[in-house]
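> The structure is given below, and queries will be raised subsequently.
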Amino acid sequence: VDLIVRPNGGNVSSPIMYGLMHEDINNSGDGGIYAELIRNRAFQSGDESRYPVTLDGWSPVEGAKLSLKKLSKPLSSALPYSMNVAVPSSKDKKARKVGFANDGYWGMDVRKQKYTGSFYVKGAYQGKSFTASLQSALTGEVFGTTEVPAKKKASNDWVKYDFNLTPFKAARNSNNTFAITFDAAGAKDGSLDFNLISLFPPTYKNRPNGLRVDLMEALAALKPKFLRFPGGNMLEGNTLPTWWKWNETIGDLKDRPGQSGVWGYPTTSGLGLVEYMQWADDLNLEPILAVWGGLALDGGELPESRIDEAVQSALDEMEFLTGDASTHWGGIRAKILGHKRPWKIRYVEIGNEDWLAGGAVGYENYKRYRFPAFFKAFQEKYPKVQLIASPSVFDNMTIPKPAAGDYHPYLTPDNMVKAFNKFDALSRDNLTLIGEAASTHPNGGIGWDGNLMPFPWWGGSVAEAIFLLGLERNGDKVIGTTYAPGLRNLNRWQWSMTQIQHAADPALTTLSTSYHVWKLLGETAITKTLPITAKAGGIDPLFYVAGETESGSNVFKAAVYNSTEPIAVSVQFAGLAGKVKQPAKKPATATLTVLTGPANPYGYNDPWKHNNVVKETKTKLKAKEGGTFSFTLPQLSVAVLETDSK
Ligand code: AHR
């Protein structure tokens, strides 16, 4: 394949082409990026009829008896349940320290670093202190312990304790627990009540109530430009009353009731609206805020007479995030929560996949009154915000200008590759976000009637690369794109295909084959395309795009799919020709990065084998006359050629 890349005449690309999407699925929030180590820290269920309140995660220490209590004086109205810890009655045991332990999100990573904890206690206690400790669940070996002095308070008050704990020894594995014990004899009424028991390791950028360092670093390395949150299905709730109520995810943790979620487990709301915005701040990401559109996953929807309730909630959310301190919600943010500086919100998506959950009737209602109600309100109050409808033109929605749409291709690799051209015919008037995308099912299978693949696999990842090259060609019609879902806890998950796998043990953090592909393309995002003319050969089985990067370098990006033999590629950057004196004293140079995979296209990065089937090679190439670079790409490879000269 012999190609010339012209220096002018391309189209501009979206400045936020590659991004992230997050919702709490797969314990990717609680038990994932949200760094809290204590599972079921405040006995939240969200919706008790779906998830009964439990003592999951907790076990007694030294014969204490643990029970759930709904006290007449709870810690807060948001957290009505607490854990009663009764001391054993026998005299012998009364002389001891008793308490409880938590086994974390299926283990805890214990290192010689500062852990920050807190808990609330109610009851008459005359002991000197509480003991907080980290130990092996297997052998009981203690790695760190601290005494938290008891405060003298009326026994009917809830008292908050804060502490730091720095282990003197790192644990060999993550099979560890966190325990709080106290003098059994000091509990005058024979028991104490505990709630909101929390323990954090150091967090990304040391944020209190912050995010897990290794996962944030892995996400940062993707060089993302936007963050779409909080869903996904999570936004919608299973039933009408259980949508992601943003105003119940802000403020002190004791005022967050938690949510029932939609992925089979309740969530704490510790990763709330403000934490999402801080995540965006810390990685310098453009927030794409999804607001509830009045539809639940069971198809329940607000009738036309009540849609204003959802619209008002979205406007309040906008005011909370962007209003100054003189506004009602901006004032709550600035004066009560201490976030003086308003955030900027430039993108708002209305609902999630409204073409799907509500069936034909729900979709018609979205088009007829739900989306129009938001559209009108935002045009009046926030006309500069880029509104995004949750369906796209590809879902047969005529989207009123200047709103955009959202398209979610979860496809087989063959269909991903077929979609390379999909956006060529898109009109610039139909700006589209690809807010979720992944190769999910194998070719030739039964598609959605079958299971998702177990992990992103090399053949699927190369197909995603080709889809992405197609998007980059059309970066003037596309807001951006993101793999979804991003994260998966290996101990409890609902959706196997995720970019990164994780568990309590950071050694299990696994960057999938797709991670490597999206990273290579994301870190060489282009600001404009450069037109390509083919002197010989054309698209398929080599797929490609060329462009200029933020730093001014020229890039040629390509991927090979379904080729019976390696492809010899010659790329002439015509713009470089004038810059190279011929005969070349100092020829232009470029770096060729090639990702290749295993011989078996179904090969994947296995968290338990700690393997990486993706091989990256970097080669310095010198240009021949006229700025031409030559190289060969094998079947199932992804490559970026980046010039050193600008
Ligand atoms: O990414 C997993 C789910 O797939 C999302 O919650 C939903 O938007 C899509 O159907």
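If you're wondering about the labels, chains in the structure tokens are A, B, ... by order shown, residues count from 1 in each chain, ligands from 1 in order shown.
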Which residues are near ligand 1 in this structure, taking near to mean any atom at most 7 Å from a ligand atom and counting only C-alpha atoms and all ligand atoms? Format them as number ranges by chain.

A: 231-234, 352-353, 436, 484-485, 495

> Emit the selected residues as an mmCIF file, in the first residue's frame, including N, CA and C atoms.


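As a result, part-v4.cif now contains:
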data_model
loop_
_atom_site.group_PDB
_atom_site.id
_atom_site.type_symbol
_atom_site.label_atom_id
_atom_site.label_comp_id
_atom_site.auth_asym_id
_atom_site.auth_seq_id
_atom_site.Cartn_x
_atom_site.Cartn_y
_atom_site.Cartn_z
ATOM 1 N N GLY A 231 -23.733 7.322 34.471
ATOM 2 C CA GLY A 231 -24.262 6.138 33.793
ATOM 3 C C GLY A 231 -24.505 6.471 32.358
ATOM 4 N N GLY A 232 -24.760 5.429 31.524
ATOM 5 C CA GLY A 232 -25.081 4.088 31.877
ATOM 6 C C GLY A 232 -26.413 3.890 32.607
ATOM 7 N N ASN A 233 -26.714 2.617 32.700
ATOM 8 C CA ASN A 233 -27.960 2.209 33.345
ATOM 9 C C ASN A 233 -28.079 2.748 34.767
ATOM 10 N N MET A 234 -26.933 2.917 35.412
ATOM 11 C CA MET A 234 -26.926 3.354 36.818
ATOM 12 C C MET A 234 -27.692 4.669 36.987
ATOM 13 N N ASN A 352 -30.227 7.919 29.361
ATOM 14 C CA ASN A 352 -29.283 6.924 28.857
ATOM 15 C C ASN A 352 -30.045 5.902 28.025
ATOM 16 N N GLU A 353 -29.612 5.706 26.822
ATOM 17 C CA GLU A 353 -30.189 4.681 25.943
ATOM 18 C C GLU A 353 -31.721 4.687 26.001
ATOM 19 N N GLU A 436 -20.242 4.909 24.612
ATOM 20 C CA GLU A 436 -19.875 3.566 25.073
ATOM 21 C C GLU A 436 -19.542 2.780 23.817
ATOM 22 N N ALA A 484 -16.424 1.172 27.186
ATOM 23 C CA ALA A 484 -17.297 1.004 28.369
ATOM 24 C C ALA A 484 -17.644 -0.470 28.528
ATOM 25 N N PRO A 485 -17.821 -0.892 29.784
ATOM 26 C CA PRO A 485 -17.465 -0.170 30.997
ATOM 27 C C PRO A 485 -15.943 -0.187 31.183
ATOM 28 N N TRP A 495 -20.501 -7.562 34.154
ATOM 29 C CA TRP A 495 -20.199 -7.284 32.742
ATOM 30 C C TRP A 495 -18.715 -7.581 32.569
#

> Among region 472-587 of chain A, which residues does DSSP mark as helix (DSSP H, G or I) when it is run on the backbone? Keep the chain and numbering as in the structure and answer as number ranges by chain.

A: 472-473, 506-508, 513-523, 574-577

> So that I have them on file, write out the residues from the current selection with C-alpha atoms, as a PDB file, in the first residue's frame.


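New file again14.pdb:
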ATOM      1  CA  GLU A 472     -10.824   9.913  13.811  1.00  0.00           C
ATOM      2  CA  ARG A 473     -11.410  10.361  10.075  1.00  0.00           C
ATOM      3  CA  PRO A 506      -3.064  -4.214  43.194  1.00  0.00           C
ATOM      4  CA  ALA A 507      -1.019  -7.010  41.613  1.00  0.00           C
ATOM      5  CA  LEU A 508      -4.284  -8.154  40.024  1.00  0.00           C
ATOM      6  CA  THR A 513      -5.645  -5.823  25.253  1.00  0.00           C
ATOM      7  CA  SER A 514      -8.134  -3.043  24.486  1.00  0.00           C
ATOM      8  CA  TYR A 515      -6.518  -0.787  27.065  1.00  0.00           C
ATOM      9  CA  HIS A 516      -3.266  -0.901  25.104  1.00  0.00           C
ATOM     10  CA  VAL A 517      -4.968  -0.158  21.803  1.00  0.00           C
ATOM     11  CA  TRP A 518      -7.044   2.750  23.143  1.00  0.00           C
ATOM     12  CA  LYS A 519      -3.992   4.143  24.934  1.00  0.00           C
ATOM     13  CA  LEU A 520      -1.875   4.207  21.797  1.00  0.00           C
ATOM     14  CA  LEU A 521      -4.609   5.939  19.823  1.00  0.00           C
ATOM     15  CA  GLY A 522      -5.586   8.269  22.676  1.00  0.00           C
ATOM     16  CA  GLU A 523      -2.083   9.519  23.360  1.00  0.00           C
ATOM     17  CA  ALA A 574       4.161  15.435   1.424  1.00  0.00           C
ATOM     18  CA  GLY A 575       4.442  18.282   3.906  1.00  0.00           C
ATOM     19  CA  LEU A 576       7.835  17.047   5.012  1.00  0.00           C
ATOM     20  CA  ALA A 577       9.262  17.020   1.498  1.00  0.00           C
TER      21      ALA A 577
END

> Running DSSP on the backbone, which parts of region 208-277 of chain A land in strand (DSSP E or B), as a list of chain:residue names?

A:Leu211, A:Arg212, A:Phe226, A:Leu227, A:Arg228, A:Phe229, A:Gln259, A:Thr267

> Please provide as a VMD selection string all residues within 6 Å of region 194-196 of chain A, with the sequence filter that same-chain residues fewer than 6 positions apart are discarded (counting only C-alpha atoms).

chain A and resid 41 to 42 82 to 83 119 to 121

> What's the 10 Å shell around region 158-174 of chain A, counting only C-alpha atoms, without same-chain residues fewer than 5 positions away, as a PyMOL selection string?

chain A and resi 73-76+103-104+106-123+130+132-137+141-153+193-201+503-507

> Would you mind telling me which residue in A:Glu236, A:Asp395, A:Asp308, A:Glu248 lies nearest to Val291 (chain A) when using only C-alpha atoms?

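Distance minimum relative to Val291 (chain A) lands on A:Glu236.
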
> Find the spatial neighbours of region 268-274 of chain A, counting only C-alpha atoms, within a cut-off of 8 Å - ignore same-chain residues fewer than 6 positions away - and output them as a PDB file with N, CA and C atoms, in the first residue's frame.


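Saved the output as out_11.pdb:
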ATOM      1  N   GLY A  29     -17.104   1.228  41.334  1.00  0.00           N
ATOM      2  CA  GLY A  29     -17.119   2.430  42.169  1.00  0.00           C
ATOM      3  C   GLY A  29     -16.774   1.992  43.579  1.00  0.00           C
ATOM      4  N   ASP A  30     -17.781   1.549  44.346  1.00  0.00           N
ATOM      5  CA  ASP A  30     -17.507   0.923  45.647  1.00  0.00           C
ATOM      6  C   ASP A  30     -16.757  -0.373  45.389  1.00  0.00           C
ATOM      7  N   TYR A  34     -13.344   4.083  43.890  1.00  0.00           N
ATOM      8  CA  TYR A  34     -13.566   4.765  45.178  1.00  0.00           C
ATOM      9  C   TYR A  34     -12.738   4.001  46.217  1.00  0.00           C
ATOM     10  N   ASN A  40     -19.726  -2.346  53.111  1.00  0.00           N
ATOM     11  CA  ASN A  40     -20.962  -2.231  53.908  1.00  0.00           C
ATOM     12  C   ASN A  40     -20.707  -1.389  55.152  1.00  0.00           C
ATOM     13  N   ALA A  42     -21.874   1.381  56.260  1.00  0.00           N
ATOM     14  CA  ALA A  42     -22.960   2.074  56.972  1.00  0.00           C
ATOM     15  C   ALA A  42     -24.289   1.346  56.794  1.00  0.00           C
ATOM     16  N   GLN A  44     -26.087   0.271  54.371  1.00  0.00           N
ATOM     17  CA  GLN A  44     -27.028   0.886  53.425  1.00  0.00           C
ATOM     18  C   GLN A  44     -27.583  -0.171  52.483  1.00  0.00           C
ATOM     19  N   ASN A 209     -11.741  11.233  51.102  1.00  0.00           N
ATOM     20  CA  ASN A 209     -12.852  10.529  50.446  1.00  0.00           C
ATOM     21  C   ASN A 209     -12.547  10.348  48.951  1.00  0.00           C
ATOM     22  N   TRP A 246     -28.805  12.855  42.333  1.00  0.00           N
ATOM     23  CA  TRP A 246     -27.534  13.539  42.570  1.00  0.00           C
ATOM     24  C   TRP A 246     -27.499  14.235  43.925  1.00  0.00           C
ATOM     25  N   GLU A 248     -28.649  13.338  46.639  1.00  0.00           N
ATOM     26  CA  GLU A 248     -28.426  12.429  47.776  1.00  0.00           C
ATOM     27  C   GLU A 248     -27.005  11.863  47.751  1.00  0.00           C
ATOM     28  N   THR A 249     -26.181  12.387  46.847  1.00  0.00           N
ATOM     29  CA  THR A 249     -24.794  11.900  46.767  1.00  0.00           C
ATOM     30  C   THR A 249     -23.801  12.984  47.188  1.00  0.00           C
ATOM     31  N   ILE A 250     -24.320  14.075  47.771  1.00  0.00           N
ATOM     32  CA  ILE A 250     -23.418  15.190  48.114  1.00  0.00           C
ATOM     33  C   ILE A 250     -23.399  15.388  49.632  1.00  0.00           C
ATOM     34  N   LEU A 253     -20.719  12.294  54.513  1.00  0.00           N
ATOM     35  CA  LEU A 253     -21.061  10.891  54.207  1.00  0.00           C
ATOM     36  C   LEU A 253     -22.243  10.410  55.030  1.00  0.00           C
ATOM     37  N   ARG A 256     -25.617  10.727  53.240  1.00  0.00           N
ATOM     38  CA  ARG A 256     -25.834  10.074  51.943  1.00  0.00           C
ATOM     39  C   ARG A 256     -26.463   8.699  52.182  1.00  0.00           C
ATOM     40  N   PRO A 257     -27.715   8.526  51.781  1.00  0.00           N
ATOM     41  CA  PRO A 257     -28.396   7.259  52.082  1.00  0.00           C
ATOM     42  C   PRO A 257     -27.888   6.075  51.252  1.00  0.00           C
ATOM     43  N   GLY A 258     -27.209   6.363  50.160  1.00  0.00           N
ATOM     44  CA  GLY A 258     -26.812   5.262  49.273  1.00  0.00           C
ATOM     45  C   GLY A 258     -27.939   4.942  48.314  1.00  0.00           C
ATOM     46  N   GLN A 259     -27.648   4.100  47.343  1.00  0.00           N
ATOM     47  CA  GLN A 259     -28.632   3.789  46.313  1.00  0.00           C
ATOM     48  C   GLN A 259     -28.666   2.298  46.049  1.00  0.00           C
TER      49      GLN A 259
END

> Expressed in Å to a single decimal, how great is the separation between CA of Ile33 (chain A) and CA of Ser45 (chain A)?

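Separation of CA of Ile33 (chain A) and CA of Ser45 (chain A): 20.1 Å.
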
> Could you jot down the CA of Asn206 (chain A) to CA of Leu487 (chain A) separation for me, Å, one decimal place?

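One can read the CA of Asn206 (chain A) to CA of Leu487 (chain A) distance as 21.3 Å.
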
> Neighbouring residues of Ile446 (chain A) were defined as those with any atom within 12 Å, considering only C-alpha atoms; residues of the same chain fewer than 6 positions away were excluded. Please report them as a PyMOL selection string.

chain A and resi 411-412+440+452-453

> With a distance cut-off of 8 Å and only C-alpha atoms, select the neighbouring residues of region 456-466 of chain A, excluding the residue or stretch itself and same-chain residues fewer than 6 positions from it, and output the selection as a PyMOL selection string.

chain A and resi 412-414+416-417+420+438-440+442+497-499+512-514+517-518+521+543-544+558-561+597-598+601-605+614+636-638

> Go ahead and save the picked residues with C-alpha atoms, as a PDB file, in the first residue's frame.


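Output file out35.pdb follows:
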ATOM      1  CA  THR A 412     -18.645  -8.336  17.117  1.00  0.00           C
ATOM      2  CA  PRO A 413     -15.178  -7.564  15.722  1.00  0.00           C
ATOM      3  CA  ASP A 414     -16.393  -8.003  12.133  1.00  0.00           C
ATOM      4  CA  MET A 416     -16.770  -3.100  14.411  1.00  0.00           C
ATOM      5  CA  VAL A 417     -14.609  -3.212  11.298  1.00  0.00           C
ATOM      6  CA  PHE A 420     -15.143   1.977   9.851  1.00  0.00           C
ATOM      7  CA  ALA A 438     -16.477  -2.237  22.737  1.00  0.00           C
ATOM      8  CA  SER A 439     -16.123  -5.500  20.838  1.00  0.00           C
ATOM      9  CA  THR A 440     -18.181  -7.722  23.100  1.00  0.00           C
ATOM     10  CA  PRO A 442     -17.129 -13.243  18.998  1.00  0.00           C
ATOM     11  CA  MET A 497     -15.783  -6.959  29.035  1.00  0.00           C
ATOM     12  CA  THR A 498     -13.937  -4.089  30.695  1.00  0.00           C
ATOM     13  CA  GLN A 499     -10.825  -2.147  29.892  1.00  0.00           C
ATOM     14  CA  SER A 512      -6.639  -5.476  28.896  1.00  0.00           C
ATOM     15  CA  THR A 513      -5.645  -5.823  25.253  1.00  0.00           C
ATOM     16  CA  SER A 514      -8.134  -3.043  24.486  1.00  0.00           C
ATOM     17  CA  VAL A 517      -4.968  -0.158  21.803  1.00  0.00           C
ATOM     18  CA  TRP A 518      -7.044   2.750  23.143  1.00  0.00           C
ATOM     19  CA  LEU A 521      -4.609   5.939  19.823  1.00  0.00           C
ATOM     20  CA  PHE A 543      -7.320   0.699   7.608  1.00  0.00           C
ATOM     21  CA  TYR A 544      -5.839   4.110   8.277  1.00  0.00           C
ATOM     22  CA  ALA A 558      -3.247   2.120  10.846  1.00  0.00           C
ATOM     23  CA  ALA A 559      -4.547  -1.315  11.744  1.00  0.00           C
ATOM     24  CA  VAL A 560      -4.569  -4.620   9.861  1.00  0.00           C
ATOM     25  CA  TYR A 561      -7.541  -6.996  10.005  1.00  0.00           C
ATOM     26  CA  GLY A 597      -0.804  -9.768  19.748  1.00  0.00           C
ATOM     27  CA  PRO A 598      -0.639 -13.492  20.306  1.00  0.00           C
ATOM     28  CA  PRO A 601      -6.550 -13.914  18.137  1.00  0.00           C
ATOM     29  CA  TYR A 602      -8.655 -14.911  21.159  1.00  0.00           C
ATOM     30  CA  GLY A 603      -5.663 -14.398  23.457  1.00  0.00           C
ATOM     31  CA  TYR A 604      -6.275 -11.988  26.342  1.00  0.00           C
ATOM     32  CA  ASN A 605      -4.522 -10.530  29.344  1.00  0.00           C
ATOM     33  CA  VAL A 614       0.223  -7.285  23.594  1.00  0.00           C
ATOM     34  CA  LEU A 636      -3.844  -8.107  13.476  1.00  0.00           C
ATOM     35  CA  SER A 637      -1.630  -5.181  14.292  1.00  0.00           C
ATOM     36  CA  VAL A 638      -2.185  -1.553  15.251  1.00  0.00           C
TER      37      VAL A 638
END

> Hey, can you check how far CA of Asp255 (chain A) sits from CA of Ile332 (chain A)?

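A separation of 14.0 Å between them.
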